[in-house]
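Shown here: input_23.cif, mmCIF, C-alpha atoms.
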```cif
data_structure
loop_
_atom_site.label_atom_id
_atom_site.label_comp_id
_atom_site.auth_asym_id
_atom_site.auth_seq_id
_atom_site.Cartn_x
_atom_site.Cartn_y
_atom_site.Cartn_z
CA MET A 1 -17.93 32.60 -70.42
CA THR A 2 -14.61 31.08 -69.57
CA THR A 3 -12.93 31.90 -66.28
CA THR A 4 -9.37 31.66 -65.13
CA GLU A 5 -8.79 29.49 -62.09
CA PRO A 6 -7.21 31.36 -59.18
CA SER A 7 -3.61 30.57 -58.47
CA ASN A 8 -2.89 27.77 -56.02
CA VAL A 9 -1.85 29.77 -53.00
CA ARG A 10 0.12 27.62 -50.58
CA GLN A 11 0.06 28.76 -46.98
CA ARG A 12 1.25 26.74 -44.04
CA THR A 13 -1.31 25.47 -41.54
CA PRO A 14 -1.47 27.85 -38.56
CA ALA A 15 0.30 26.38 -35.55
CA ILE A 16 -1.67 28.47 -33.05
CA ARG A 17 -5.26 29.54 -32.61
CA GLU A 18 -6.85 32.27 -30.54
CA ARG A 19 -7.88 31.21 -27.04
CA PRO A 20 -10.21 33.67 -25.29
CA ILE A 21 -9.74 34.10 -21.55
CA ASP A 22 -11.72 35.91 -18.87
CA ALA A 23 -9.50 38.20 -16.84
CA ALA A 24 -10.27 39.36 -13.31
CA SER A 25 -11.94 42.70 -12.71
CA GLY A 26 -9.47 45.56 -12.47
CA TRP A 27 -11.57 47.44 -9.91
CA THR A 28 -11.41 44.50 -7.52
CA ALA A 29 -7.64 44.36 -8.04
CA ILE A 30 -7.37 48.06 -7.22
CA ALA A 31 -9.27 47.58 -3.96
CA VAL A 32 -7.09 44.60 -2.96
CA SER A 33 -3.88 46.45 -3.89
CA VAL A 34 -4.84 49.51 -1.86
CA LEU A 35 -5.67 47.29 1.12
CA LEU A 36 -2.30 45.53 0.85
CA ILE A 37 -0.45 48.84 0.73
CA LEU A 38 -2.35 50.09 3.78
CA VAL A 39 -1.62 46.89 5.69
CA GLY A 40 2.05 47.13 4.71
CA ALA A 41 2.23 50.77 5.80
CA ALA A 42 0.64 49.87 9.15
CA GLY A 43 3.12 47.02 9.67
CA ILE A 44 6.06 49.32 8.97
CA ALA A 45 4.66 51.90 11.42
CA PHE A 46 4.15 49.38 14.21
CA ALA A 47 7.63 47.92 13.57
CA ALA A 48 9.19 51.30 14.31
CA VAL A 49 7.33 51.44 17.65
CA LEU A 50 7.86 47.89 18.85
CA GLY A 51 11.49 47.36 17.93
CA ALA A 52 13.46 44.18 18.72
CA ALA A 53 12.67 40.87 17.00
CA LEU A 54 8.91 41.39 16.64
CA GLY A 55 9.50 44.76 15.07
CA ILE A 56 11.85 43.28 12.47
CA VAL A 57 9.24 40.67 11.52
CA LEU A 58 6.53 43.34 11.18
CA LEU A 59 8.91 45.49 9.10
CA VAL A 60 9.62 42.66 6.67
CA LEU A 61 5.93 41.74 6.40
CA GLY A 62 4.95 45.36 5.93
CA ILE A 63 7.44 45.79 3.10
CA LEU A 64 6.23 42.57 1.44
CA PHE A 65 2.58 43.63 1.65
CA ALA A 66 3.39 47.04 0.22
CA LEU A 67 5.34 45.50 -2.66
CA LEU A 68 2.47 43.10 -3.38
CA GLY A 69 0.10 46.06 -3.49
CA LEU A 70 2.32 47.93 -5.91
CA LEU A 71 2.73 44.78 -7.99
CA GLY A 72 -1.05 44.49 -8.12
CA PHE A 73 -1.26 47.88 -9.79
CA ALA A 74 1.24 46.69 -12.41
CA GLY A 75 -1.22 44.00 -13.49
CA LEU A 76 -4.00 46.46 -14.39
CA THR A 77 -4.80 46.31 -18.10
CA PRO A 78 -7.37 48.59 -19.78
CA VAL A 79 -9.10 47.04 -22.83
CA ILE A 80 -10.93 49.51 -25.05
CA PRO A 81 -13.76 48.59 -27.47
CA GLY A 82 -12.42 47.45 -30.85
CA GLU A 83 -9.18 46.21 -29.36
CA ALA A 84 -7.93 42.94 -27.88
CA ARG A 85 -4.99 42.09 -25.65
CA VAL A 86 -2.77 39.11 -26.45
CA LEU A 87 -1.14 37.73 -23.29
CA GLN A 88 2.27 36.09 -23.33
CA LEU A 89 4.11 34.75 -20.28
CA PHE A 90 7.78 33.79 -20.63
CA GLY A 91 7.37 33.11 -24.36
CA ARG A 92 4.16 31.10 -23.98
CA TYR A 93 0.84 32.28 -25.38
CA LEU A 94 -1.75 32.38 -22.57
CA GLY A 95 -4.82 33.72 -24.33
CA THR A 96 -6.61 36.82 -25.59
CA ILE A 97 -8.79 39.29 -23.72
CA ARG A 98 -11.57 40.70 -25.93
CA SER A 99 -14.14 42.03 -23.43
CA PRO A 100 -13.64 45.78 -22.88
CA GLY A 101 -13.07 47.31 -19.48
CA LEU A 102 -10.42 47.48 -16.78
CA LYS A 103 -8.92 44.00 -16.30
CA TRP A 104 -6.25 42.50 -14.08
CA VAL A 105 -3.76 39.92 -15.32
CA ASN A 106 -0.48 38.47 -14.17
CA PRO A 107 1.88 41.46 -13.86
CA PHE A 108 4.71 39.51 -15.49
CA THR A 109 2.80 38.90 -18.75
CA ILE A 110 3.45 40.80 -21.98
CA ARG A 111 0.18 42.35 -23.14
CA ARG A 112 0.14 43.14 -26.87
CA PRO A 113 -2.70 45.32 -28.12
CA VAL A 114 -4.28 44.17 -31.41
CA SER A 115 -6.93 46.26 -33.12
CA THR A 116 -10.01 44.29 -34.21
CA ARG A 117 -11.62 47.26 -35.95
CA ILE A 118 -12.53 47.19 -39.63
CA ARG A 119 -9.75 48.70 -41.73
CA ASN A 120 -9.28 49.88 -45.30
CA HIS A 121 -6.24 49.26 -47.43
CA GLU A 122 -5.98 50.90 -50.85
CA THR A 123 -3.19 49.82 -53.13
CA SER A 124 -1.18 52.29 -55.12
CA THR A 125 -1.85 52.48 -58.85
CA LEU A 126 -0.04 49.44 -60.24
CA LYS A 127 1.24 49.22 -63.80
CA VAL A 128 0.92 45.65 -65.09
CA ASN A 129 0.25 43.77 -68.31
CA ASP A 130 -3.17 42.24 -68.90
CA ALA A 131 -3.74 38.79 -70.43
CA ASP A 132 -3.26 40.22 -73.94
CA GLY A 133 0.05 41.83 -73.01
CA ASN A 134 -1.30 45.39 -72.97
CA PRO A 135 0.07 47.63 -70.19
CA ILE A 136 -2.70 48.82 -67.88
CA GLU A 137 -2.95 50.75 -64.62
CA ILE A 138 -5.04 49.24 -61.84
CA ALA A 139 -5.73 49.90 -58.16
CA ALA A 140 -7.99 48.24 -55.58
CA VAL A 141 -9.30 48.80 -52.07
CA VAL A 142 -9.72 46.03 -49.49
CA VAL A 143 -11.87 46.17 -46.35
CA TRP A 144 -10.60 43.77 -43.68
CA HIS A 145 -10.38 43.05 -39.96
CA VAL A 146 -8.53 40.68 -37.62
CA HIS A 147 -10.60 37.70 -36.47
CA ASP A 148 -7.83 35.62 -34.87
CA THR A 149 -5.45 37.74 -32.79
CA ALA A 150 -3.09 34.87 -32.01
CA GLN A 151 -2.45 34.17 -35.71
CA ALA A 152 -2.07 37.89 -36.43
CA VAL A 153 0.65 38.21 -33.78
CA TYR A 154 2.50 34.89 -34.02
CA GLU A 155 2.00 33.53 -37.56
CA VAL A 156 3.32 36.57 -39.48
CA ASP A 157 5.91 39.20 -38.68
CA ASN A 158 3.69 42.24 -39.30
CA PHE A 159 0.09 41.45 -40.22
CA VAL A 160 -0.69 44.97 -41.54
CA GLN A 161 2.27 44.88 -43.92
CA PHE A 162 1.46 41.26 -44.78
CA VAL A 163 -2.07 42.23 -45.86
CA ALA A 164 -0.74 45.11 -47.96
CA ILE A 165 1.83 42.99 -49.82
CA GLN A 166 -0.50 40.03 -50.41
CA THR A 167 -3.27 42.34 -51.65
CA GLU A 168 -0.93 43.90 -54.19
CA THR A 169 0.21 40.44 -55.29
CA ALA A 170 -3.39 39.30 -55.78
CA VAL A 171 -4.28 42.43 -57.78
CA ARG A 172 -1.29 41.88 -60.06
CA HIS A 173 -2.21 38.22 -60.61
CA ILE A 174 -5.84 39.05 -61.43
CA ALA A 175 -4.75 41.79 -63.84
CA ASN A 176 -2.37 39.35 -65.59
CA SER A 177 -5.10 36.71 -65.89
CA TYR A 178 -7.75 38.69 -67.79
CA PRO A 179 -7.79 41.11 -70.74
CA TYR A 180 -8.72 44.73 -70.23
CA GLY A 181 -11.63 44.39 -72.65
CA ALA A 182 -12.85 41.16 -74.22
CA ARG A 183 -13.34 41.01 -77.98
CA ASP A 184 -15.87 38.21 -77.64
CA SER A 185 -18.46 37.20 -75.06
CA GLU A 186 -16.70 33.94 -74.20
CA ARG A 187 -14.00 35.61 -72.08
CA LEU A 188 -14.21 37.57 -68.86
CA SER A 189 -12.62 41.01 -68.98
CA LEU A 190 -11.59 43.51 -66.35
CA LEU A 191 -13.73 46.23 -67.86
CA ASP A 192 -16.92 44.35 -68.71
CA ASN A 193 -17.16 41.79 -65.88
CA THR A 194 -16.43 43.82 -62.79
CA GLU A 195 -18.57 41.78 -60.39
CA GLU A 196 -17.06 38.43 -61.38
CA ILE A 197 -13.51 39.81 -61.30
CA THR A 198 -14.12 41.40 -57.89
CA GLN A 199 -15.40 38.10 -56.51
CA GLN A 200 -12.31 36.27 -57.71
CA LEU A 201 -10.10 39.02 -56.30
CA SER A 202 -11.72 38.64 -52.87
CA GLU A 203 -11.28 34.87 -52.97
CA GLU A 204 -7.60 35.12 -53.89
CA ILE A 205 -6.82 37.72 -51.24
CA THR A 206 -8.65 35.60 -48.65
CA ALA A 207 -6.54 32.58 -49.57
CA ARG A 208 -3.32 34.57 -49.41
CA ILE A 209 -3.88 36.16 -45.99
CA LYS A 210 -5.65 33.26 -44.31
CA ALA A 211 -2.58 32.42 -42.22
CA ALA A 212 -2.59 35.91 -40.66
CA GLY A 213 -6.00 35.46 -39.03
CA VAL A 214 -7.56 38.19 -41.18
CA THR A 215 -11.02 38.25 -42.77
CA ILE A 216 -11.82 40.12 -45.99
CA VAL A 217 -15.11 42.02 -45.77
CA GLU A 218 -15.05 43.44 -49.30
CA SER A 219 -12.67 44.25 -52.13
CA ARG A 220 -13.20 46.58 -55.08
CA ILE A 221 -11.24 47.73 -58.11
CA THR A 222 -11.03 51.51 -57.74
CA ALA A 223 -8.99 52.45 -60.83
CA LEU A 224 -8.65 50.76 -64.20
CA ALA A 225 -7.24 52.26 -67.39
CA TYR A 226 -4.79 51.65 -70.18
CA ALA A 227 -1.27 52.92 -69.56
CA PRO A 228 -0.70 56.42 -71.00
CA GLU A 229 1.69 55.21 -73.72
CA ILE A 230 -1.03 53.13 -75.42
CA ALA A 231 -4.18 54.91 -74.24
CA GLN A 232 -4.68 56.88 -77.49
CA VAL A 233 -4.10 53.85 -79.70
CA MET A 234 -6.51 51.69 -77.70
CA LEU A 235 -9.10 54.49 -77.71
CA ARG A 236 -8.98 54.62 -81.50
CA ARG A 237 -9.34 50.85 -81.63
CA GLN A 238 -12.37 50.99 -79.36
CA GLN A 239 -13.88 53.76 -81.48
CA ALA A 240 -13.29 51.73 -84.64
CA SER A 241 -14.91 48.68 -83.07
CA ALA A 242 -17.89 50.78 -82.02
CA VAL A 243 -18.27 52.18 -85.55
CA VAL A 244 -18.11 48.70 -87.08
CA ALA A 245 -20.70 47.39 -84.63
CA ALA A 246 -23.00 50.35 -85.32
CA ARG A 247 -22.66 49.89 -89.08
CA GLN A 248 -23.44 46.21 -88.79
CA GLN A 249 -26.58 46.96 -86.81
CA ILE A 250 -27.68 49.58 -89.35
CA VAL A 251 -27.12 47.19 -92.27
CA ASP A 252 -29.01 44.37 -90.52
CA GLY A 253 -31.95 46.69 -89.89
CA ALA A 254 -31.92 48.04 -93.45
CA VAL A 255 -31.88 44.55 -94.98
CA GLY A 256 -34.84 43.57 -92.83
CA MET A 257 -36.79 46.67 -93.86
CA VAL A 258 -36.06 46.08 -97.56
CA ARG A 259 -37.11 42.43 -97.27
CA GLU A 260 -40.37 43.44 -95.58
CA ALA A 261 -41.06 46.14 -98.23
CA LEU A 262 -40.57 43.75 -101.14
CA SER A 263 -42.65 41.08 -99.42
CA ARG A 264 -45.59 43.45 -98.90
CA LEU A 265 -45.41 44.72 -102.47
CA ASP A 266 -45.64 41.15 -103.73
CA GLU A 267 -48.46 40.21 -101.34
CA GLU A 268 -50.65 43.23 -102.18
CA ASN A 269 -49.82 43.21 -105.91
CA VAL A 270 -48.98 46.90 -105.83
CA VAL A 271 -46.51 46.62 -108.67
CA GLU A 272 -44.84 43.88 -110.65
CA LEU A 273 -41.06 44.05 -110.54
CA ASP A 274 -38.70 42.08 -112.72
CA GLU A 275 -35.23 41.18 -111.43
CA GLU A 276 -33.59 44.34 -112.72
CA ARG A 277 -36.19 46.70 -111.22
CA ARG A 278 -36.13 44.70 -107.97
CA ALA A 279 -32.34 45.07 -107.79
CA ALA A 280 -32.58 48.82 -108.48
CA MET A 281 -35.22 49.22 -105.76
CA VAL A 282 -33.11 47.28 -103.25
CA SER A 283 -30.08 49.41 -104.09
CA ASN A 284 -32.02 52.67 -103.66
CA LEU A 285 -33.58 51.59 -100.37
CA LEU A 286 -30.24 50.50 -98.93
CA VAL A 287 -28.65 53.80 -99.93
CA VAL A 288 -31.46 55.73 -98.24
CA LEU A 289 -31.47 53.62 -95.08
CA CYS A 290 -27.70 53.27 -94.62
CA SER A 291 -26.59 56.74 -95.62
CA GLU A 292 -25.28 59.01 -92.83
CA GLN A 293 -26.59 62.10 -94.65
CA SER A 294 -30.09 62.88 -95.81
CA THR A 295 -30.71 61.72 -99.39
CA GLN A 296 -32.04 63.92 -102.16
CA PRO A 297 -34.89 62.36 -104.18
CA VAL A 298 -34.50 62.31 -107.96
CA ILE A 299 -37.63 62.09 -110.09
CA ASN A 300 -37.18 59.86 -113.12
CA SER A 301 -39.49 61.06 -115.93
CA GLY A 302 -38.53 58.27 -118.23
CA SER A 303 -38.15 54.54 -117.92
CA LEU A 304 -35.56 52.48 -116.14
CA TYR A 305 -34.52 51.07 -119.53
CA GLN A 306 -34.10 54.46 -121.29
#
```
Output the structure of this file as structure tokens.
Amino acid sequence: MTTTEPSNVRQRTPAIRERPIDAASGWTAIAVSVLLILVGAAGIAFAAVLGAALGIVLLVLGILFALLGLLGFAGLTPVIPGEARVLQLFGRYLGTIRSPGLKWVNPFTIRRPVSTRIRNHETSTLKVNDADGNPIEIAAVVVWHVHDTAQAVYEVDNFVQFVAIQTETAVRHIANSYPYGARDSERLSLLDNTEEITQQLSEEITARIKAAGVTIVESRITALAYAPEIAQVMLRRQQASAVVAARQQIVDGAVGMVREALSRLDEENVVELDEERRAAMVSNLLVVLCSEQSTQPVINSGSLYQ
């Protein structure tokens, strides 16, 4: 079989890669923050009692400790299973937290949640032309997940929308590259070579969304049919092809049976047939074997030559 080479998908080399980091425990941060707030509250209380210069110093320190405690709470970051947090500080990528639990990070960082769960994307039913120019309707489903959170956030504008658009583009290209049904065994077709077409579809989608840090788990064609305006015509063509193929098989079988019958008659000397009687016998046998209706026997009481 001949295959169509996938399109040369050109994607830029990712400028950033995911860098995992281990964040501090959030529970420890809570304990430290509470302690700082308590120390600050105590300093403010003693400042009110002491007064004068020492009181002012204790008041300032108490306020600072209390603010540090409150700031500590601002750094708490919960990470749930199936989700990662991408950390960014003043426009600079710091790393990604993947381990679930309550974590503590720099309170001034931007923490973007990115789902790493497996997702499904099903395209709408697309109307395209196959390799023979026939309009068809096709749809596919893609199972995918994010494997590089940094690329998903920084390499593309919206990685979910990016996957959707690139999947649709790949489905259209695959549909344009192959006929709906092949008329010979030398060509792949969308209808008869589902596994091969699906493999090529997965490879093309993978190449197209590689820059977004996304991995394709599986892709499948979920709907495939001729467009309504030509469906009846193509159905009649398929039926005609099926009838021709069935007739050819019947004729091949009948010819083989006739050949075997004549050969056995000659070998066992059952009857001697001249060319005219042999031709009549072949004609009768082919009529009986190839006819769609049951044949009615006719008894000839005379001779073939009368």
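Here the question is which of A:Ser189, A:Thr167, A:Ser99, A:Asn176 gets nearest to A:Thr206 using all atoms listed in the file, and that residue is A:Thr167.
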Return as CSV the residues of stretch 148-214 of chain A lying at most 10 Å from stretch 125-142 of chain A, together with the closest atom-to-atom pair for each and the distance in Å to one decimal, counting all atoms listed in the file, with rows in chain order and ascending residue number.
```
residue,atom,partner,partner_atom,distance
A:Val163,CA,A:Val142,CA,9.3
A:Ala164,CA,A:Val142,CA,9.2
A:Thr167,CA,A:Val142,CA,7.7
A:Glu168,CA,A:Leu126,CA,8.3
A:Val171,CA,A:Ala140,CA,7.2
A:Arg172,CA,A:Val128,CA,6.7
A:His173,CA,A:Val128,CA,9.2
A:Ile174,CA,A:Asp130,CA,8.6
A:Ala175,CA,A:Asp130,CA,5.3
A:Asn176,CA,A:Asp130,CA,4.5
A:Ser177,CA,A:Ala131,CA,5.2
A:Tyr178,CA,A:Ala131,CA,4.8
A:Pro179,CA,A:Ala131,CA,4.7
A:Tyr180,CA,A:Asp130,CA,6.2
A:Gly181,CA,A:Asp132,CA,9.4
A:Ala182,CA,A:Asp132,CA,9.6
A:Ser189,CA,A:Ala131,CA,9.3
A:Leu190,CA,A:Asp130,CA,8.9
A:Thr198,CA,A:Ala140,CA,9.5
A:Leu201,CA,A:Ala140,CA,9.5
A:Ser202,CA,A:Val142,CA,8.4
A:Ile205,CA,A:Val142,CA,9.0
```
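The two atoms in question, atom CA of A:Val49 and atom CA of A:Gly72, are spaced 28.0 Å apart.
Close contacts of A:Ile37, defined as residues with an atom at most 6 Å away when counting all atoms listed in the file, with chain neighbours fewer than 3 positions off set aside, comprise Val34, Gly40, Ala66 and Gly69 of chain A.
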- Target residues per the PyMOL selection byres ((chain A and resi 60) around 12), formatted as a PyMOL selection string: chain A and resi 40-48+53-59+61-67
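Here atom CA of A:Ile110 stands at a distance of 6.3 Å from atom CA of A:Leu89.
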- Message: Would you compute the distance between atom CA of A:Arg259 and atom CA of A:Glu275? Give it in Å to one decimal.
- Response: 14.3 Å
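Minimum atom-to-atom distance to A:Trp104, evaluated using only C-alpha atoms, belongs to A:Val32 out of A:Val160, A:Val146, A:Val32, A:Val217.
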- Task: Take the PyMOL selection byres ((chain A and resi 76) around 10), apply it to the structure above, and return the hits as a PyMOL selection string.
- Result: chain A and resi 24-27+29-30+71-75+77-79+102-107
- Message: Please list as a PyMOL selection string every residue within 12 Å of stretch 211-214 of chain A, counting all atoms listed in the file and excluding residues in the same chain fewer than 5 positions away.
- Response: chain A and resi 9-18+114-119+142-164+166+205-206
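Considering the residues A:Ala84, A:Val258, A:Leu70, A:Ala280 and counting all atoms listed in the file, A:Ala31 has its shortest atom-to-atom contact with A:Leu70.
The nearest approach to A:Pro100 among the residues A:Glu218, A:Glu260, A:Asp252, A:Glu83, with all atoms listed in the file taken into account, belongs to A:Glu83.
With all atoms listed in the file as the atoms that count, the minimum distance from A:Leu68 to the choices A:Leu188, A:Val282, A:Leu50, A:Leu38 is reached by A:Leu38.
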